[in-house]
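Shown here: work.pdb, PDB, C-alpha atoms.
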ATOM      1  CA  MET I   1     103.704 194.822 116.059
ATOM      2  CA  LYS I   2     106.299 195.793 113.484
ATOM      3  CA  LYS I   3     104.354 193.962 110.777
ATOM      4  CA  THR I   4     101.193 195.868 111.743
ATOM      5  CA  GLU I   5     103.061 199.160 111.665
ATOM      6  CA  LEU I   6     104.486 198.293 108.262
ATOM      7  CA  ILE I   7     101.044 197.502 106.878
ATOM      8  CA  CYS I   8      99.644 200.730 108.314
ATOM      9  CA  GLY I   9     102.553 202.660 106.865
ATOM     10  CA  ILE I  10     102.038 201.156 103.418
ATOM     11  CA  ALA I  11      98.302 201.879 103.597
ATOM     12  CA  ALA I  12      98.956 205.471 104.618
ATOM     13  CA  PHE I  13     101.437 205.871 101.761
ATOM     14  CA  ILE I  14      98.940 204.486  99.251
ATOM     15  CA  LEU I  15      96.264 206.857 100.539
ATOM     16  CA  LEU I  16      98.691 209.758 100.290
ATOM     17  CA  ILE I  17      99.545 208.909  96.688
ATOM     18  CA  ALA I  18      95.857 208.479  95.843
ATOM     19  CA  GLY I  19      95.081 211.841  97.419
ATOM     20  CA  ILE I  20      97.853 213.564  95.471
ATOM     21  CA  ALA I  21      96.688 211.918  92.245
ATOM     22  CA  MET I  22      93.128 213.073  92.857
ATOM     23  CA  ALA I  23      94.253 216.606  93.666
ATOM     24  CA  LEU I  24      96.333 216.717  90.484
ATOM     25  CA  ARG I  25      93.413 215.415  88.455
ATOM     26  CA  VAL I  26      91.146 218.141  89.837
ATOM     27  CA  TYR I  27      93.827 220.781  89.228
ATOM     28  CA  PHE I  28      94.410 219.768  85.614
ATOM     29  CA  THR I  29      90.655 219.459  85.034
ATOM     30  CA  TYR I  30      90.125 223.035  86.185
ATOM     31  CA  GLN I  31      93.183 224.184  84.249
ATOM     32  CA  LYS I  32      91.838 222.612  81.061
ATOM     33  CA  GLY I  33      88.545 224.435  81.542
ATOM     34  CA  ARG I  34      90.204 227.796  82.108
ATOM     35  CA  GLU I  35      92.520 227.359  79.131
ATOM     36  CA  THR I  36      89.675 226.282  76.846
ATOM     37  CA  TYR I  37      87.599 229.373  77.508
ATOM     38  CA  ASP I  38      90.526 231.773  77.698
ATOM     39  CA  GLU I  39      91.554 230.610  74.231
ATOM     40  CA  MET I  40      88.021 231.021  72.906
ATOM     41  CA  GLU I  41      87.717 234.516  74.349
ATOM     42  CA  ALA I  42      91.039 235.509  72.824
ATOM     43  CA  ALA I  43      90.186 233.994  69.454
ATOM     44  CA  PHE I  44      86.621 235.182  68.987
ATOM     45  CA  THR I  45      86.178 238.446  70.914
ATOM     46  CA  ILE I  46      87.832 241.843  70.948
ATOM     47  CA  ASP I  47      87.230 244.892  73.097
ATOM     48  CA  ASN I  48      85.188 247.622  71.499
ATOM     49  CA  PRO I  49      87.588 250.460  70.584
ATOM     50  CA  PRO I  50      87.414 253.022  73.422
ATOM     51  CA  GLY I  51      85.752 256.311  72.567
ATOM     52  CA  GLU I  52      84.204 254.930  69.388
ATOM     53  CA  GLU I  53      80.454 255.378  69.380
ATOM     54  CA  SER I  54      78.353 252.918  67.470
ATOM     55  CA  GLU I  55      75.678 254.203  65.138
ATOM     56  CA  ASP I  56      73.182 251.753  66.573
ATOM     57  CA  THR I  57      72.977 253.758  69.798
ATOM     58  CA  GLU I  58      70.650 256.111  67.928
ATOM     59  CA  PRO I  59      66.874 255.537  68.121
ATOM     60  CA  ALA I  60      65.284 253.560  65.314
ATOM     61  CA  ALA I  61      63.474 255.507  62.641
ATOM     62  CA  GLY I  62      60.023 256.422  63.806
ATOM     63  CA  ASP I  63      60.794 255.981  67.523
ATOM     64  CA  GLU I  64      59.821 258.920  69.686
ATOM     65  CA  THR I  65      62.383 260.196  72.147
ATOM     66  CA  GLY I  66      62.713 263.388  74.108
ATOM     67  CA  SER I  67      61.041 264.495  77.299
ATOM     68  CA  GLU I  68      59.130 261.235  77.874
ATOM     69  CA  THR I  69      62.313 259.196  77.685
ATOM     70  CA  ASP I  70      64.404 261.764  79.537
ATOM     71  CA  ASP I  71      61.908 261.871  82.383
ATOM     72  CA  MET I  72      61.813 258.104  82.778
ATOM     73  CA  GLU I  73      62.868 257.146  86.290
ATOM     74  CA  LYS I  74      66.059 255.131  86.438
ATOM     75  CA  ASN I  75      64.401 252.413  88.503
ATOM     76  CA  THR I  76      61.569 251.967  86.018
ATOM     77  CA  ILE I  77      61.789 249.780  82.937
ATOM     78  CA  SER I  78      59.390 250.387  80.058
ATOM     79  CA  GLU I  79      57.568 247.577  78.299
ATOM     80  CA  THR I  80      59.995 247.536  75.384
ATOM     81  CA  GLY I  81      63.131 248.820  77.094
ATOM     82  CA  SER I  82      64.792 252.191  76.534
ATOM     83  CA  GLU I  83      65.353 253.369  72.974
ATOM     84  CA  VAL I  84      68.694 254.891  73.966
ATOM     85  CA  LEU I  85      71.645 253.018  75.417
ATOM     86  CA  PRO I  86      71.853 253.909  79.152
ATOM     87  CA  GLU I  87      74.673 256.311  79.968
ATOM     88  CA  ASP I  88      76.066 253.952  82.610
ATOM     89  CA  ALA I  89      75.994 250.884  80.351
ATOM     90  CA  PRO I  90      79.284 248.952  80.307
ATOM     91  CA  GLU I  91      81.339 248.930  77.112
ATOM     92  CA  ARG I  92      80.567 246.164  74.689
ATOM     93  CA  ILE I  93      82.911 243.625  73.216
ATOM     94  CA  VAL I  94      82.841 242.568  69.576
ATOM     95  CA  VAL I  95      82.233 238.905  68.771
ATOM     96  CA  ASP I  96      83.572 237.427  65.542
ATOM     97  CA  TRP I  97      80.426 235.512  64.697
ATOM     98  CA  ASP I  98      81.614 234.321  61.311
ATOM     99  CA  ALA I  99      84.559 232.500  62.857
ATOM    100  CA  LEU I 100      82.722 231.409  66.003
ATOM    101  CA  SER I 101      79.700 229.979  64.186
ATOM    102  CA  ALA I 102      81.923 228.218  61.678
ATOM    103  CA  SER I 103      83.780 226.457  64.495
ATOM    104  CA  TYR I 104      80.886 225.769  66.891
ATOM    105  CA  ASP I 105      77.482 225.023  65.403
ATOM    106  CA  ASP I 106      75.706 224.979  68.774
ATOM    107  CA  CYS I 107      76.935 228.391  69.889
ATOM    108  CA  VAL I 108      73.896 230.679  69.969
ATOM    109  CA  ALA I 109      75.159 233.610  72.038
ATOM    110  CA  TRP I 110      77.982 235.098  74.060
ATOM    111  CA  ILE I 111      77.386 236.398  77.587
ATOM    112  CA  GLN I 112      79.430 239.116  79.281
ATOM    113  CA  ILE I 113      78.857 240.170  82.905
ATOM    114  CA  PRO I 114      81.399 242.952  83.533
ATOM    115  CA  ALA I 115      80.889 243.370  87.306
ATOM    116  CA  VAL I 116      82.056 239.807  88.009
ATOM    117  CA  GLU I 117      84.308 239.281  84.983
ATOM    118  CA  ILE I 118      82.236 236.583  83.314
ATOM    119  CA  SER I 119      82.628 236.153  79.558
ATOM    120  CA  TYR I 120      81.618 232.867  77.900
ATOM    121  CA  PRO I 121      80.060 231.424  74.771
ATOM    122  CA  VAL I 122      76.511 230.175  75.281
ATOM    123  CA  MET I 123      75.673 226.789  73.793
ATOM    124  CA  GLN I 124      72.323 225.133  73.130
ATOM    125  CA  ALA I 125      71.682 221.442  72.483
ATOM    126  CA  GLU I 126      68.590 219.282  72.031
ATOM    127  CA  ASP I 127      68.503 218.630  75.781
ATOM    128  CA  ASN I 128      69.896 220.166  78.965
ATOM    129  CA  ASP I 129      72.297 217.315  79.696
ATOM    130  CA  TYR I 130      74.616 217.429  76.705
ATOM    131  CA  TYR I 131      76.739 220.413  77.759
ATOM    132  CA  LEU I 132      76.763 219.682  81.490
ATOM    133  CA  HIS I 133      80.249 218.198  81.135
ATOM    134  CA  ARG I 134      81.165 218.969  77.545
ATOM    135  CA  SER I 135      83.139 221.851  76.115
ATOM    136  CA  PRO I 136      81.802 223.738  73.077
ATOM    137  CA  ASP I 137      83.600 221.303  70.768
ATOM    138  CA  GLY I 138      81.796 218.350  72.377
ATOM    139  CA  SER I 139      84.824 216.909  74.181
ATOM    140  CA  TYR I 140      84.640 215.981  77.864
ATOM    141  CA  ILE I 141      85.386 218.755  80.302
ATOM    142  CA  TYR I 142      84.226 218.694  83.912
ATOM    143  CA  ALA I 143      83.341 222.391  83.955
ATOM    144  CA  GLY I 144      81.005 221.869  81.025
ATOM    145  CA  SER I 145      79.693 224.842  79.073
ATOM    146  CA  VAL I 146      77.404 227.746  79.755
ATOM    147  CA  PHE I 147      74.224 226.761  77.930
ATOM    148  CA  MET I 148      70.719 227.969  77.152
ATOM    149  CA  ASP I 149      67.691 225.867  78.046
ATOM    150  CA  HIS I 150      66.906 223.650  75.080
ATOM    151  CA  GLN I 151      63.265 224.796  75.094
ATOM    152  CA  ASN I 152      64.143 228.464  74.707
ATOM    153  CA  ASP I 153      64.179 230.390  71.470
ATOM    154  CA  SER I 154      67.837 230.984  70.646
ATOM    155  CA  TYR I 155      67.018 234.500  69.414
ATOM    156  CA  LEU I 156      65.962 235.536  72.952
ATOM    157  CA  GLU I 157      62.356 236.070  71.906
ATOM    158  CA  ASP I 158      60.840 234.273  74.924
ATOM    159  CA  TYR I 159      59.533 236.139  77.939
ATOM    160  CA  ASN I 160      62.029 234.226  80.098
ATOM    161  CA  THR I 161      65.257 232.768  78.730
ATOM    162  CA  VAL I 162      67.151 230.482  81.112
ATOM    163  CA  ILE I 163      70.946 230.140  80.910
ATOM    164  CA  TYR I 164      72.832 227.640  83.064
ATOM    165  CA  GLY I 165      76.449 227.455  84.238
ATOM    166  CA  HIS I 166      78.310 225.413  86.848
ATOM    167  CA  ASN I 167      79.447 226.868  90.171
ATOM    168  CA  MET I 168      83.094 225.783  89.906
ATOM    169  CA  ARG I 169      85.338 225.835  92.964
ATOM    170  CA  ASP I 170      88.071 227.690  91.105
ATOM    171  CA  GLY I 171      85.671 230.573  90.477
ATOM    172  CA  SER I 172      85.106 229.805  86.808
ATOM    173  CA  MET I 173      81.865 229.497  84.845
ATOM    174  CA  PHE I 174      78.952 230.949  86.892
ATOM    175  CA  ALA I 175      80.642 230.667  90.305
ATOM    176  CA  LYS I 176      81.141 234.427  90.424
ATOM    177  CA  LEU I 177      77.397 235.079  90.284
ATOM    178  CA  LYS I 178      77.322 234.748  94.077
ATOM    179  CA  ARG I 179      79.293 237.993  94.270
ATOM    180  CA  PHE I 180      76.074 239.794  93.422
ATOM    181  CA  LYS I 181      74.890 239.020  96.937
ATOM    182  CA  ASP I 182      77.153 241.930  97.843
ATOM    183  CA  SER I 183      75.075 244.979  96.973
ATOM    184  CA  GLU I 184      78.228 246.993  96.243
ATOM    185  CA  VAL I 185      79.023 244.681  93.322
ATOM    186  CA  LEU I 186      75.567 245.279  91.895
ATOM    187  CA  VAL I 187      75.930 249.046  92.294
ATOM    188  CA  PHE I 188      79.285 248.899  90.506
ATOM    189  CA  CYS I 189      77.605 247.520  87.385
ATOM    190  CA  PRO I 190      73.993 246.234  87.403
ATOM    191  CA  TYR I 191      74.029 245.225  83.730
ATOM    192  CA  PHE I 192      75.052 242.282  81.585
ATOM    193  CA  TRP I 193      75.360 241.857  77.833
ATOM    194  CA  ILE I 194      74.196 238.995  75.668
ATOM    195  CA  TYR I 195      75.500 239.046  72.110
ATOM    196  CA  THR I 196      73.943 237.025  69.305
ATOM    197  CA  PRO I 197      74.740 236.794  65.591
ATOM    198  CA  ASP I 198      71.848 239.180  64.889
ATOM    199  CA  ARG I 199      72.107 241.824  67.598
ATOM    200  CA  ASP I 200      73.338 242.757  71.068
ATOM    201  CA  TYR I 201      71.090 242.835  74.135
ATOM    202  CA  LEU I 202      71.613 244.745  77.384
ATOM    203  CA  TYR I 203      69.926 243.500  80.568
ATOM    204  CA  ARG I 204      69.503 245.222  83.922
ATOM    205  CA  ILE I 205      69.600 242.926  86.964
ATOM    206  CA  PHE I 206      66.301 243.071  88.849
ATOM    207  CA  SER I 207      66.343 240.013  91.120
ATOM    208  CA  ILE I 208      68.925 237.869  92.934
ATOM    209  CA  HIS I 209      67.742 234.967  95.060
ATOM    210  CA  SER I 210      67.957 231.272  95.871
ATOM    211  CA  VAL I 211      65.279 228.977  94.468
ATOM    212  CA  ASP I 212      64.274 225.336  94.469
ATOM    213  CA  ALA I 213      65.782 223.351  91.637
ATOM    214  CA  ASP I 214      62.329 223.191  90.044
ATOM    215  CA  GLY I 215      61.189 226.626  91.238
ATOM    216  CA  ASN I 216      59.042 229.132  89.379
ATOM    217  CA  ALA I 217      62.121 231.113  88.318
ATOM    218  CA  TYR I 218      62.522 228.528  85.560
ATOM    219  CA  ALA I 219      59.045 229.082  84.113
ATOM    220  CA  LEU I 220      59.112 229.242  80.324
ATOM    221  CA  GLU I 221      55.434 229.445  79.489
ATOM    222  CA  PHE I 222      53.038 232.156  80.645
ATOM    223  CA  ASP I 223      49.387 233.008  80.260
ATOM    224  CA  GLY I 224      50.101 235.870  77.903
ATOM    225  CA  TYR I 225      51.688 239.149  78.873
ATOM    226  CA  GLU I 226      49.576 239.394  82.033
ATOM    227  CA  GLY I 227      50.885 236.042  83.207
ATOM    228  CA  TYR I 228      54.420 237.158  82.527
ATOM    229  CA  THR I 229      53.844 240.421  84.418
ATOM    230  CA  GLU I 230      52.616 238.480  87.443
ATOM    231  CA  TRP I 231      55.707 236.260  87.270
ATOM    232  CA  PHE I 232      58.002 239.276  86.925
ATOM    233  CA  TYR I 233      56.678 240.893  90.099
ATOM    234  CA  GLU I 234      56.913 237.591  91.931
ATOM    235  CA  MET I 235      60.598 237.377  91.012
ATOM    236  CA  LEU I 236      61.104 241.036  91.919
ATOM    237  CA  ASP I 237      59.504 240.575  95.352
ATOM    238  CA  THR I 238      61.606 237.455  95.979
ATOM    239  CA  SER I 239      64.933 239.221  95.441
ATOM    240  CA  GLU I 240      67.261 239.007  98.432
ATOM    241  CA  ILE I 241      69.021 242.190  97.324
ATOM    242  CA  ASP I 242      67.532 245.608  96.635
ATOM    243  CA  THR I 243      68.305 245.928  92.938
ATOM    244  CA  GLY I 244      66.809 249.387  92.543
ATOM    245  CA  ILE I 245      64.086 248.203  90.166
ATOM    246  CA  THR I 246      60.710 249.058  91.656
ATOM    247  CA  ALA I 247      58.168 249.582  88.903
ATOM    248  CA  LEU I 248      56.888 248.215  85.620
ATOM    249  CA  VAL I 249      58.007 245.166  83.738
ATOM    250  CA  GLY I 250      60.414 244.753  80.895
ATOM    251  CA  LYS I 251      59.613 243.114  77.600
ATOM    252  CA  LYS I 252      61.798 240.065  78.195
ATOM    253  CA  ALA I 253      63.865 238.554  80.998
ATOM    254  CA  VAL I 254      66.900 236.313  81.269
ATOM    255  CA  THR I 255      67.434 234.001  84.252
ATOM    256  CA  LEU I 256      71.050 233.025  84.958
ATOM    257  CA  SER I 257      71.219 229.876  87.068
ATOM    258  CA  THR I 258      73.991 228.096  88.958
ATOM    259  CA  CYS I 259      74.344 225.564  91.781
ATOM    260  CA  ASN I 260      74.034 226.884  95.307
ATOM    261  CA  GLY I 261      76.112 224.393  97.264
ATOM    262  CA  ASN I 262      73.500 221.624  97.416
ATOM    263  CA  SER I 263      71.375 219.645  95.003
ATOM    264  CA  ALA I 264      68.059 221.088  96.194
ATOM    265  CA  THR I 265      68.565 224.794  95.535
ATOM    266  CA  ARG I 266      69.997 227.103  92.905
ATOM    267  CA  LEU I 267      71.146 230.711  92.810
ATOM    268  CA  VAL I 268      69.524 232.807  90.113
ATOM    269  CA  VAL I 269      70.439 236.264  88.862
ATOM    270  CA  GLN I 270      67.682 237.692  86.690
ATOM    271  CA  GLY I 271      67.925 240.545  84.241
ATOM    272  CA  VAL I 272      65.316 242.482  82.302
ATOM    273  CA  LEU I 273      65.877 243.785  78.795
ATOM    274  CA  VAL I 274      66.625 247.507  78.756
ATOM    275  CA  TRP I 275      68.211 247.978  75.327
ATOM    276  CA  GLN I 276      68.932 246.147  72.116
ATOM    277  CA  ASP I 277      70.471 247.017  68.768
ATOM    278  CA  VAL I 278      68.048 249.048  66.716
ATOM    279  CA  GLU I 279      70.142 248.976  63.573
ATOM    280  CA  SER I 280      69.266 245.313  62.971
ATOM    281  CA  GLU I 281      65.647 245.390  64.051
ATOM    282  CA  ASP I 282      63.152 244.003  61.573
ATOM    283  CA  ASP I 283      60.235 246.096  62.747
TER     284      ASP I 283
END

Once you've parsed the file, please lay out its structure as structure tokens.
Amino acid sequence: MKKTELICGIAAFILLIAGIAMALRVYFTYQKGRETYDEMEAAFTIDNPPGEESEDTEPAAGDETGSETDDMEKNTISETGSEVLPEDAPERIVVDWDALSASYDDCVAWIQIPAVEISYPVMQAEDNDYYLHRSPDGSYIYAGSVFMDHQNDSYLEDYNTVIYGHNMRDGSMFAKLKRFKDSEVLVFCPYFWIYTPDRDYLYRIFSIHSVDADGNAYALEFDGYEGYTEWFYEMLDTSEIDTGITALVGKKAVTLSTCNGNSATRLVVQGVLVWQDVESEDD
């Protein structure tokens, strides 16, 4: 009996040590992820100086503003987005693209979602597997990177651009997207920014819902603008939260995707373009 108890005691001790080792590994893995992205945010972004208005908030030459724009309902998005930065738009950050691009060739954008305190570089590789568990420098990191679908145009010219991020248990990466299921969070700030080396884009959230892993939310090709319009209204009607958007379709959309607790479904937060820099426009 004593021998059996001794064996059981040793086994329990081994299991305890293994459990502690696993917990420490998870802790340090999460810590490494947080430190990596905190360092990148500190090194490559700065807050826009408060009270300083950017010249690119003015309409582009030749654009018509005035009563038509002023009378536009807040819950309606025009085909090309508003010419004037919305009054309730969150403040932008400034990304040091010279330094960031020099250090990380695959970095195509930076995403900032103020309502849920998300701020990450966006990577893009030749496939959608590379950055699942790699940091922007290519080294292994369990949290992986936030990354754009490899089929998308990195200049956000597609009707639907898909950006992926893990739902980490420590709340990092895209885990905080689930907070948008609380309508008060959406009301607090319904926008998110995507910064690129060429210009800044502001998106208004229009749909929040769970989808199949291969659902239509991930569609990248459409039968022209009409096909995209049909898709847009499908996404709008599927939203589990009233986002306040009720009419018309924006020029482009971005679908933010993260795991939803199982392998079969995903949570998506979708935004429609409402404003972009006019200072750098080519047309």

Quiz item: CA of Cys259 (chain I) and CA of Tyr201 (chain I) are how many Å apart?
Solution: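 Computing it gives 24.9 Å between the two atoms.
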
Quiz prompt | d(CA of Val146 (chain I), CA of Tyr228 (chain I)) in Å | solution = 25.0 Å

Self-check item: Pairwise distance for CA of Gln270 (chain I) and CA of Ile113 (chain I), rounded to one decimal in Å
Solution: 12.1 Å

Self-check item: Protein, DNA and RNA residues within 9 Å of (67.8, 244.6, 78.1), only C-alpha atoms, as a list in words
Solution: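 Protein and nucleic acid residues near the point are Thr80, Gly81, Ser82, Tyr191, Phe192, Trp193, Ile194, Tyr201, Leu202, Tyr203, Arg204, Gly250, Lys251, Lys252, Ala253, Val254, Gly271, Val272, Leu273, Val274, Trp275 and Gln276 of chain I.
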
Could you please take those selected residues and save C-alpha atoms as an mmCIF file, in the coordinates of the input?
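Final file, selection36.cif:
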data_model
loop_
_atom_site.group_PDB
_atom_site.id
_atom_site.type_symbol
_atom_site.label_atom_id
_atom_site.label_comp_id
_atom_site.auth_asym_id
_atom_site.auth_seq_id
_atom_site.Cartn_x
_atom_site.Cartn_y
_atom_site.Cartn_z
ATOM 1 C CA THR I 80 59.995 247.536 75.384
ATOM 2 C CA GLY I 81 63.131 248.820 77.094
ATOM 3 C CA SER I 82 64.792 252.191 76.534
ATOM 4 C CA TYR I 191 74.029 245.225 83.730
ATOM 5 C CA PHE I 192 75.052 242.282 81.585
ATOM 6 C CA TRP I 193 75.360 241.857 77.833
ATOM 7 C CA ILE I 194 74.196 238.995 75.668
ATOM 8 C CA TYR I 201 71.090 242.835 74.135
ATOM 9 C CA LEU I 202 71.613 244.745 77.384
ATOM 10 C CA TYR I 203 69.926 243.500 80.568
ATOM 11 C CA ARG I 204 69.503 245.222 83.922
ATOM 12 C CA GLY I 250 60.414 244.753 80.895
ATOM 13 C CA LYS I 251 59.613 243.114 77.600
ATOM 14 C CA LYS I 252 61.798 240.065 78.195
ATOM 15 C CA ALA I 253 63.865 238.554 80.998
ATOM 16 C CA VAL I 254 66.900 236.313 81.269
ATOM 17 C CA GLY I 271 67.925 240.545 84.241
ATOM 18 C CA VAL I 272 65.316 242.482 82.302
ATOM 19 C CA LEU I 273 65.877 243.785 78.795
ATOM 20 C CA VAL I 274 66.625 247.507 78.756
ATOM 21 C CA TRP I 275 68.211 247.978 75.327
ATOM 22 C CA GLN I 276 68.932 246.147 72.116
#

Self-check item: Residues within 12 Å of Thr238 (chain I), only C-alpha atoms, excluding chain neighbours under 5 positions, as a PyMOL selection string
Solution: chain I and resi 206-211+215-217+231-233+243+268-270

Kindly export the residues of the current selection with C-alpha atoms, as a JSON list (two decimals), keeping the file's coordinate frame.
[["chain", "number", "residue", "atom", "x", "y", "z"],
["I", 206, "PHE", "CA", 66.30, 243.07, 88.85],
["I", 207, "SER", "CA", 66.34, 240.01, 91.12],
["I", 208, "ILE", "CA", 68.92, 237.87, 92.93],
["I", 209, "HIS", "CA", 67.74, 234.97, 95.06],
["I", 210, "SER", "CA", 67.96, 231.27, 95.87],
["I", 211, "VAL", "CA", 65.28, 228.98, 94.47],
["I", 215, "GLY", "CA", 61.19, 226.63, 91.24],
["I", 216, "ASN", "CA", 59.04, 229.13, 89.38],
["I", 217, "ALA", "CA", 62.12, 231.11, 88.32],
["I", 231, "TRP", "CA", 55.71, 236.26, 87.27],
["I", 232, "PHE", "CA", 58.00, 239.28, 86.92],
["I", 233, "TYR", "CA", 56.68, 240.89, 90.10],
["I", 243, "THR", "CA", 68.31, 245.93, 92.94],
["I", 268, "VAL", "CA", 69.52, 232.81, 90.11],
["I", 269, "VAL", "CA", 70.44, 236.26, 88.86],
["I", 270, "GLN", "CA", 67.68, 237.69, 86.69]]

Practice problem: Name every residue that the PyMOL selection byres ((chain I and resi 136) around 8) selects in this structure, writing the answer as a PyMOL selection string with chains first and numbers rising. | Solution: chain I and resi 104+106-107+123+131+134-135+137-139+145

Could you expand the PyMOL selection byres ((chain I and resi 100) around 12) into the explicit residues it covers here, written as a tab-separated table (two decimals) with C-alpha atoms, keeping the file's coordinate frame?
chain	number	residue	atom	x	y	z
I	40	MET	CA	88.02	231.02	72.91
I	41	GLU	CA	87.72	234.52	74.35
I	42	ALA	CA	91.04	235.51	72.82
I	43	ALA	CA	90.19	233.99	69.45
I	44	PHE	CA	86.62	235.18	68.99
I	45	THR	CA	86.18	238.45	70.91
I	94	VAL	CA	82.84	242.57	69.58
I	95	VAL	CA	82.23	238.90	68.77
I	96	ASP	CA	83.57	237.43	65.54
I	97	TRP	CA	80.43	235.51	64.70
I	98	ASP	CA	81.61	234.32	61.31
I	99	ALA	CA	84.56	232.50	62.86
I	101	SER	CA	79.70	229.98	64.19
I	102	ALA	CA	81.92	228.22	61.68
I	103	SER	CA	83.78	226.46	64.50
I	104	TYR	CA	80.89	225.77	66.89
I	105	ASP	CA	77.48	225.02	65.40
I	106	ASP	CA	75.71	224.98	68.77
I	107	CYS	CA	76.94	228.39	69.89
I	108	VAL	CA	73.90	230.68	69.97
I	109	ALA	CA	75.16	233.61	72.04
I	110	TRP	CA	77.98	235.10	74.06
I	121	PRO	CA	80.06	231.42	74.77
I	122	VAL	CA	76.51	230.18	75.28
I	123	MET	CA	75.67	226.79	73.79
I	136	PRO	CA	81.80	223.74	73.08
I	137	ASP	CA	83.60	221.30	70.77
I	196	THR	CA	73.94	237.02	69.31
I	197	PRO	CA	74.74	236.79	65.59

Exercise. Find the residue from I:Ser183, I:Thr229, I:Asn160, I:Asn260 that sits nearest to Ile241 (chain I); use all atoms listed in the file when measuring.
Key: I:Ser183

Practice problem: Return the single residue from I:Ala143, I:Asp153, I:Tyr218, I:Ile93 that is closest to Ile111 (chain I), with distances computed using all atoms listed in the file. | Solution: I:Ile93

Quiz item: From the set I:Glu91, I:Glu221, I:Glu117, I:Asp237, which residue has the shortest atom-to-atom contact distance to Gln151 (chain I), counting all atoms listed in the file?
Solution: I:Glu221

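Proximity ranking of I:His166, I:Arg92, I:Arg199, I:His150 relative to Leu256 (chain I) places I:His166 first, based on only C-alpha atoms.
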
Quiz item: Smallest atom-to-atom distance to Asp88 (chain I): which of I:His133, I:Val187, I:Asp212, I:Asn262, using only C-alpha atoms?
Solution: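 For Asp88 (chain I), the nearest of the given residues is I:Val187.
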
Self-check item: the PyMOL selection byres ((chain I and resi 258) around 6) applied to the shown file, residues as an MDAnalysis selection string
Solution: chainID I and resid 165:167 257 259 266:267

Practice problem: Return the single residue from I:Met148, I:Glu87, I:Ile205, I:Pro114 that is closest to Ser239 (chain I), with distances computed using only C-alpha atoms. | Solution: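 Using only C-alpha atoms, Ser239 (chain I) sits closest to I:Ile205.
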
Mind filling out region 111-123 of chain I with N, CA and C atoms and sending it as a compact mmCIF listing (two decimals), in the frame of the given file?
# COMPACT_ATOMS: atom_id res chain seq x y z
N ILE I 111 77.82 235.61 76.44
CA ILE I 111 77.39 236.40 77.59
C ILE I 111 78.58 237.08 78.24
N GLN I 112 78.39 238.34 78.60
CA GLN I 112 79.43 239.12 79.28
C GLN I 112 78.80 239.83 80.48
N ILE I 113 79.34 239.54 81.68
CA ILE I 113 78.86 240.17 82.90
C ILE I 113 80.03 240.93 83.51
N PRO I 114 80.19 242.20 83.17
CA PRO I 114 81.40 242.95 83.53
C PRO I 114 81.69 243.03 85.03
N ALA I 115 80.67 243.17 85.87
CA ALA I 115 80.89 243.37 87.31
C ALA I 115 81.62 242.20 87.96
N VAL I 116 81.43 240.99 87.41
CA VAL I 116 82.06 239.81 88.01
C VAL I 116 82.98 239.09 87.02
N GLU I 117 83.33 239.77 85.95
CA GLU I 117 84.31 239.28 84.98
C GLU I 117 83.94 237.91 84.42
N ILE I 118 82.71 237.79 83.99
CA ILE I 118 82.24 236.58 83.31
C ILE I 118 82.12 236.87 81.83
N SER I 119 82.69 236.00 81.01
CA SER I 119 82.63 236.15 79.56
C SER I 119 82.75 234.77 78.93
N TYR I 120 81.63 234.24 78.42
CA TYR I 120 81.62 232.87 77.90
C TYR I 120 80.70 232.74 76.69
N PRO I 121 81.01 231.78 75.82
CA PRO I 121 80.06 231.42 74.77
C PRO I 121 78.87 230.71 75.40
N VAL I 122 77.72 230.84 74.79
CA VAL I 122 76.51 230.18 75.28
C VAL I 122 76.09 229.13 74.24
N MET I 123 76.01 227.89 74.68
CA MET I 123 75.67 226.79 73.79
C MET I 123 74.21 226.40 73.96
